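Working notes, beginning with the structure itself.
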Protein chains: 2
Amino acid sequence: MQTLNVDLGERSYPIFIGTNLFSADNLKPYIKGNQVLIVSNETVAPLYLQQIRDILPAVQVDEVILPDGEQYKTLEQLNAVYDQLLQQRHNRTTTLIALGGGVVGDMTGFAAASYQRGVNFIQIPTTLLSQVDSSVGGKTGVNHPLGKNMIGAFHQPQVVLASVDVLSTLPDRELSAGLAEVIKYGLIYDAEFLDWLEANMSGLVGRDTGLLTQAIYRSCEIKAEVVAQDEKESGIRALLNLGHTFGHAIESCQGYGNWLHGEAVAAGTAMAADLSRRLGWLSDADYSRTIRILEAAQLPVDAPKGMTAKQFMDLMAVDKKVIDGQLRLILLRSLGQAVVTDQFDPDLLQQTLDQFCA
Amino acid sequence: MQTLNVDLGERSYPIFIGTNLFSADNLKPYIKGNQVLIVSNETVAPLYLQQIRDILPAVQVDEVILPDGEQYKTLEQLNAVYDQLLQQRHNRTTTLIALGGGVVGDMTGFAAASYQRGVNFIQIPTTLLSQVDSSVGGKTGVNHPLGKNMIGAFHQPQVVLASVDVLSTLPDRELSAGLAEVIKYGLIYDAEFLDWLEANMSGLVGRDTGLLTQAIYRSCEIKAEVVAQDEKESGIRALLNLGHTFGHAIESCQGYGNWLHGEAVAAGTAMAADLSRRLGWLSDADYSRTIRILEAAQLPVDAPKGMTAKQFMDLMAVDKKVIDGQLRLILLRSLGQAVVTDQFDPDLLQQTLDQFCA
């Protein structure tokens with residue numbers, strides 16, 4: 001087992017990464033009161049919920065099982081969590097455990113941030129994507145029909161258990177979706193890690209446990225470094241959103257849940273790389289490398305069929321990175337180095353959209 | 001105009017207290033972006049909303065007018081605020097302005113805490129209660145059918161404008177409800193202030209502007225001192241809840257909006273004083289003084305007709321101050337000094353409930 005510490009002063013917490021991490025030793029020290037609410041979904045609960053119950057100390061344990069999918073990351077489902085907390089009389093010392101992917105983690109985190117103005121929570125991510133992304137950094141929230149993650153809070157967990165063996169039950173599409181975020185870390189921050197990913201992509205897709213552990217560790221390490229510098233995203237943290245502005249537009253347009261988040265990010269990353277090439281920042285060879293590694297991870301590199309450039313522009317206008325009406329994008333200065341910028345020729349953006357929406 | 005600074009490090013903010021405070025000078029420095037959403041209610045908006053619009057800088061100004069009353073302090077109404085923010089494409093630099101009483105302030109504050117994971121907000125409280133209580137200290141939130149203020153966040157405003165002249169339009173019942181919280185500050189923290197309130201209660205009930213200004217200033221000062229010591233309520237801040245555990249039970253039982261919050265707090269304060277007397281902490285004379293000053297402020301000092309001791313016990317069991325099943329109450333060691341304690345004989349609590357529920 002490896003331990004990575006996310007350094008956020010009094011809100012610091014450890015991420016445990018390895019195999020077979022579901023043990024009382026890893027969980028018990030982080031449960032302070034005598035009540036626990038496990039939040040999971042219909043897919044994950046049958047696989048792992050009883051294992052988690054078995055390793056909990058002798059406390060009151062309640063559960064909420066949500067429907068599975070991004071389309072259920074809503075205020076309405078969040079209310080089901082509040083209902084259960086109140087019906088079972090959970091108090092301020094309760095601990096919420098998120099057992100599932102990014103949707104479960106984000107919703108449970110926001111429930112923990114807002115229940116009685118803030119209670120403890122623990123992340124047990126069961127998808128590659130949530131292990132490398134949403135369980136690091138404290139972003140929590142739900143979607144609104146008019147925009148993704150528009151309602152939420154920054155709220156850090158007490159501990160994250162990223163147990164690599166649970167990925168054995170993950171569908172192929174979900175594994176690939178997680179690899180989109182892994183590739184992103186290489187692209188924005190670490191050219192060497194990108195080389196390593198290129199060399200090992202077939203092993204990662206083949207679920208080699210050792211390779212996955214290394215990829216998760218380095219991904220979390222990069223994210224933790226970035227978040228420690230900028231917890232509330234006033235600067236560098238925005239770089240983690242490479243591909244996400246285009247990607248969120250895809251998710252909104254297609255209806256949450258039809259494209260996986262990681263798939264939308266992959267297509268969005270291809271679009272950001274294309275615009276970076278048009279700006280003269282990436283060479284054609286760099287652009288092709290970006291596309292190839294996404295394809296090697298079995299990810300889409302095109303916009304959804306039928307989606308128009310106008311739909312992209314309308315949906316991107318409500319992005320959280322818009323300031324005073326000006327769209328800002330995360331683009332690549334080179335492979336391994338991203339920038340957030342509003343300094344791009346709108347005609348070039350139009351060309352990228354036209355290219356991908358052909 | 002008097003200025004009181006609430007000292008919370010980088011979250012510090014000023015409260016302006018005085019007459020005719022609605023001026024561009026008092027508002028403009030606290031609006032950072034170029035978008036504003038004013039949240040008000042059907043009662044207050046016709047009286048003051050245009051005045052606020054007139055003193056805003058040249059920015060995009062949108063508004064949400066909520067129905068008036070505690071029964072509308074819900075997730076559903078909160079969603080109306082999110083809808084408007086997203087429909088009008090408000091971004092992370094937007095400023096929310098709460099123009100109204102405690103309900104508008106709490107909901108707007110929580111909307112600001114959670115929209116895009118946190119945006120700026122300004123409090124313009126238009127009731128005595130919100131001027132002395134809910135606009136100081138950063139508690140925000142909404143009610144849940146199973147408990148009051150169960151969903152929320154700590155989120156501090158940029159500035160509070162407590163303009164005493166707006167109290168001229170306040171109904172008598174609402175003025176009295178605000179005085180309940182003013183009296184509370186004397187009871188828990190400042191025996192001298194309690195003396196002053198006793199001496200000046202008829203002038204306060206008669207809306208003497210000078211007296212009201214003094215009462216508001218000292219109330220905010222006490223609250224600011226307490227909050228600065230304990231922003232997240234891990235200790236001393238709980239003392240501000242004198243009468244609130246009983247009071248919340250009354251509000252829940254009667255349905256939000258039938259008893260005003262301040263009225264429920266007044267009756268709850270009488271109950272807390274009664275239990276303090278039974279514990280031998282207050283003399284009969286102290287108890288009678290407490291009842292008399294509440295009555296002088298034209299406040300109820302009895303539980304609602306028909307409410308039973310069992311209803312009180314059931315509703316108090318979900319109070320946020322319950323820890324590990326143990327009810328904690330704010331009680332009076334003496335007039336001017338409160339304690340939070342779970343060290344009381346349950347039989348004495350039963351006697352108090354039986355007394356008030358006769």
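Ordering of the structure tokens sets the chain letters (A, B, ...); residue numbers start at 1 within each chain; ligands are numbered from 1 in the order shown.
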
(message) Taking 3 positions as the minimum chain separation for residues in the same chain, which residues sit within 9 Å of region 249-254 of chain A when counting only C-alpha atoms? Answer as a PyMOL selection string.
(response) chain A and resi 145-148+244-246+257-261+264-265+267-268+303-304+307+311-316+319

Now that the selection is made, can you save its residues with N, CA, C and O atoms as a tab-separated table (two decimals), in the first residue's frame?
```tsv
chain	number	residue	atom	x	y	z
A	145	PRO	N	-30.10	21.29	-14.42
A	145	PRO	CA	-30.46	21.08	-15.84
A	145	PRO	C	-29.73	22.05	-16.77
A	145	PRO	O	-29.50	21.73	-17.93
A	146	LEU	N	-29.36	23.21	-16.28
A	146	LEU	CA	-28.69	24.19	-17.14
A	146	LEU	C	-27.17	24.16	-17.04
A	146	LEU	O	-26.50	24.98	-17.68
A	147	GLY	N	-26.60	23.27	-16.28
A	147	GLY	CA	-25.13	23.24	-16.24
A	147	GLY	C	-24.61	22.22	-15.24
A	147	GLY	O	-25.22	21.98	-14.19
A	148	LYS	N	-23.46	21.65	-15.59
A	148	LYS	CA	-22.88	20.57	-14.81
A	148	LYS	C	-22.14	21.13	-13.58
A	148	LYS	O	-21.43	22.14	-13.69
A	244	HIS	N	-12.29	19.91	-20.47
A	244	HIS	CA	-13.56	19.85	-19.73
A	244	HIS	C	-14.59	20.87	-20.22
A	244	HIS	O	-15.78	20.64	-20.08
A	245	THR	N	-14.14	22.01	-20.75
A	245	THR	CA	-15.12	23.00	-21.22
A	245	THR	C	-15.84	22.45	-22.44
A	245	THR	O	-17.08	22.45	-22.51
A	246	PHE	N	-15.08	21.94	-23.41
A	246	PHE	CA	-15.70	21.24	-24.55
A	246	PHE	C	-16.48	20.01	-24.04
A	246	PHE	O	-17.60	19.74	-24.49
A	257	GLY	N	-25.16	11.17	-18.86
A	257	GLY	CA	-25.24	9.73	-18.75
A	257	GLY	C	-25.09	9.00	-20.07
A	257	GLY	O	-24.78	7.82	-20.09
A	258	ASN	N	-25.31	9.70	-21.19
A	258	ASN	CA	-25.16	9.01	-22.47
A	258	ASN	C	-23.70	8.93	-22.88
A	258	ASN	O	-23.23	7.88	-23.31
A	259	TRP	N	-23.00	10.04	-22.77
A	259	TRP	CA	-21.55	9.98	-22.86
A	259	TRP	C	-21.02	9.95	-21.44
A	259	TRP	O	-21.43	10.75	-20.59
A	260	LEU	N	-20.06	9.07	-21.16
A	260	LEU	CA	-19.41	9.11	-19.86
A	260	LEU	C	-18.56	10.38	-19.77
A	260	LEU	O	-18.06	10.89	-20.77
A	261	HIS	N	-18.40	10.86	-18.53
A	261	HIS	CA	-17.60	12.08	-18.34
A	261	HIS	C	-16.22	11.96	-18.99
A	261	HIS	O	-15.78	12.85	-19.72
A	264	ALA	N	-16.33	12.28	-22.74
A	264	ALA	CA	-16.51	13.67	-23.17
A	264	ALA	C	-15.20	14.45	-22.99
A	264	ALA	O	-14.84	15.29	-23.83
A	265	VAL	N	-14.49	14.16	-21.92
A	265	VAL	CA	-13.20	14.83	-21.68
A	265	VAL	C	-12.20	14.44	-22.77
A	265	VAL	O	-11.41	15.27	-23.24
A	267	ALA	N	-12.82	13.56	-25.94
A	267	ALA	CA	-13.15	14.31	-27.15
A	267	ALA	C	-12.80	15.78	-26.98
A	267	ALA	O	-12.26	16.43	-27.89
A	268	GLY	N	-13.08	16.31	-25.79
A	268	GLY	CA	-12.76	17.71	-25.49
A	268	GLY	C	-11.26	17.97	-25.52
A	268	GLY	O	-10.79	19.03	-25.95
A	303	ALA	N	-16.37	14.88	-31.81
A	303	ALA	CA	-17.59	15.36	-31.17
A	303	ALA	C	-18.73	14.40	-31.51
A	303	ALA	O	-18.65	13.65	-32.49
A	304	PRO	N	-19.79	14.39	-30.68
A	304	PRO	CA	-20.92	13.50	-30.97
A	304	PRO	C	-21.53	13.83	-32.33
A	304	PRO	O	-21.58	15.00	-32.72
A	307	MET	N	-23.93	17.08	-33.30
A	307	MET	CA	-23.80	18.25	-32.43
A	307	MET	C	-23.18	19.39	-33.24
A	307	MET	O	-22.21	19.20	-33.97
A	311	GLN	N	-24.22	24.85	-30.84
A	311	GLN	CA	-24.54	24.21	-29.56
A	311	GLN	C	-23.34	24.27	-28.61
A	311	GLN	O	-23.47	24.55	-27.42
A	312	PHE	N	-22.16	24.01	-29.17
A	312	PHE	CA	-20.95	24.13	-28.34
A	312	PHE	C	-20.82	25.54	-27.76
A	312	PHE	O	-20.63	25.71	-26.56
A	313	MET	N	-20.95	26.54	-28.62
A	313	MET	CA	-20.74	27.92	-28.16
A	313	MET	C	-21.77	28.29	-27.08
A	313	MET	O	-21.43	28.89	-26.07
A	314	ASP	N	-23.03	27.93	-27.29
A	314	ASP	CA	-24.07	28.26	-26.31
A	314	ASP	C	-23.80	27.59	-24.98
A	314	ASP	O	-23.95	28.19	-23.91
A	315	LEU	N	-23.42	26.32	-25.03
A	315	LEU	CA	-23.24	25.57	-23.78
A	315	LEU	C	-21.96	25.99	-23.07
A	315	LEU	O	-21.89	26.02	-21.85
A	316	MET	N	-20.94	26.34	-23.85
A	316	MET	CA	-19.68	26.76	-23.22
A	316	MET	C	-19.81	28.13	-22.56
A	316	MET	O	-19.04	28.47	-21.67
A	319	ASP	N	-20.04	28.04	-18.81
A	319	ASP	CA	-18.96	27.38	-18.08
A	319	ASP	C	-18.52	28.22	-16.89
A	319	ASP	O	-18.54	29.44	-16.94
```

(message) At a cut-off of 7 Å, using only C-alpha atoms, what residues contact region 19-34 of chain A? Leave out same-chain residues fewer than 3 positions from it and give the result as a list of chain:residue names.
(response)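 Close residues of region 19-34 of chain A: A:Met1, A:Ile52, A:Ile55, A:Leu56, A:Pro57, A:Val59, A:Gln60, A:Thr93, A:Thr94, A:Thr95, A:Gln158, A:Val159, A:Leu161, A:Ser163, A:Val164, A:Asp165, B:Asp324.
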
(message) Counting only C-alpha atoms, which residue out of B:Phe16, B:Phe121, B:Tyr185, B:Phe154 sits closest to chain A?
(response) B:Phe154

(request) Name the residues in contact with region 208-212 of chain A at a cut-off of 10 Å, using only C-alpha atoms, excluding same-chain residues fewer than 5 positions from it; report them as a PyMOL selection string. (result) chain A and resi 18-19+128+164-165+167-168+179+197+200-203+217-218

(request) Find the residues in chain A near chain B: any atom within 9 Å counts, using only C-alpha atoms. Write them as a ChimeraX atom specification. (result) /A:33-35,75,79,82-83,86-87,89-93,111,113-118,139-141,144-147,149-154,232,317-325

(message) From a backbone DSSP assignment, name each residue in region 61-195 of chain B labelled helix (DSSP H, G or I), as number ranges by chain.
(response) B: 70-72, 75-87, 102-114, 128-134, 164-169, 172-189, 191-195
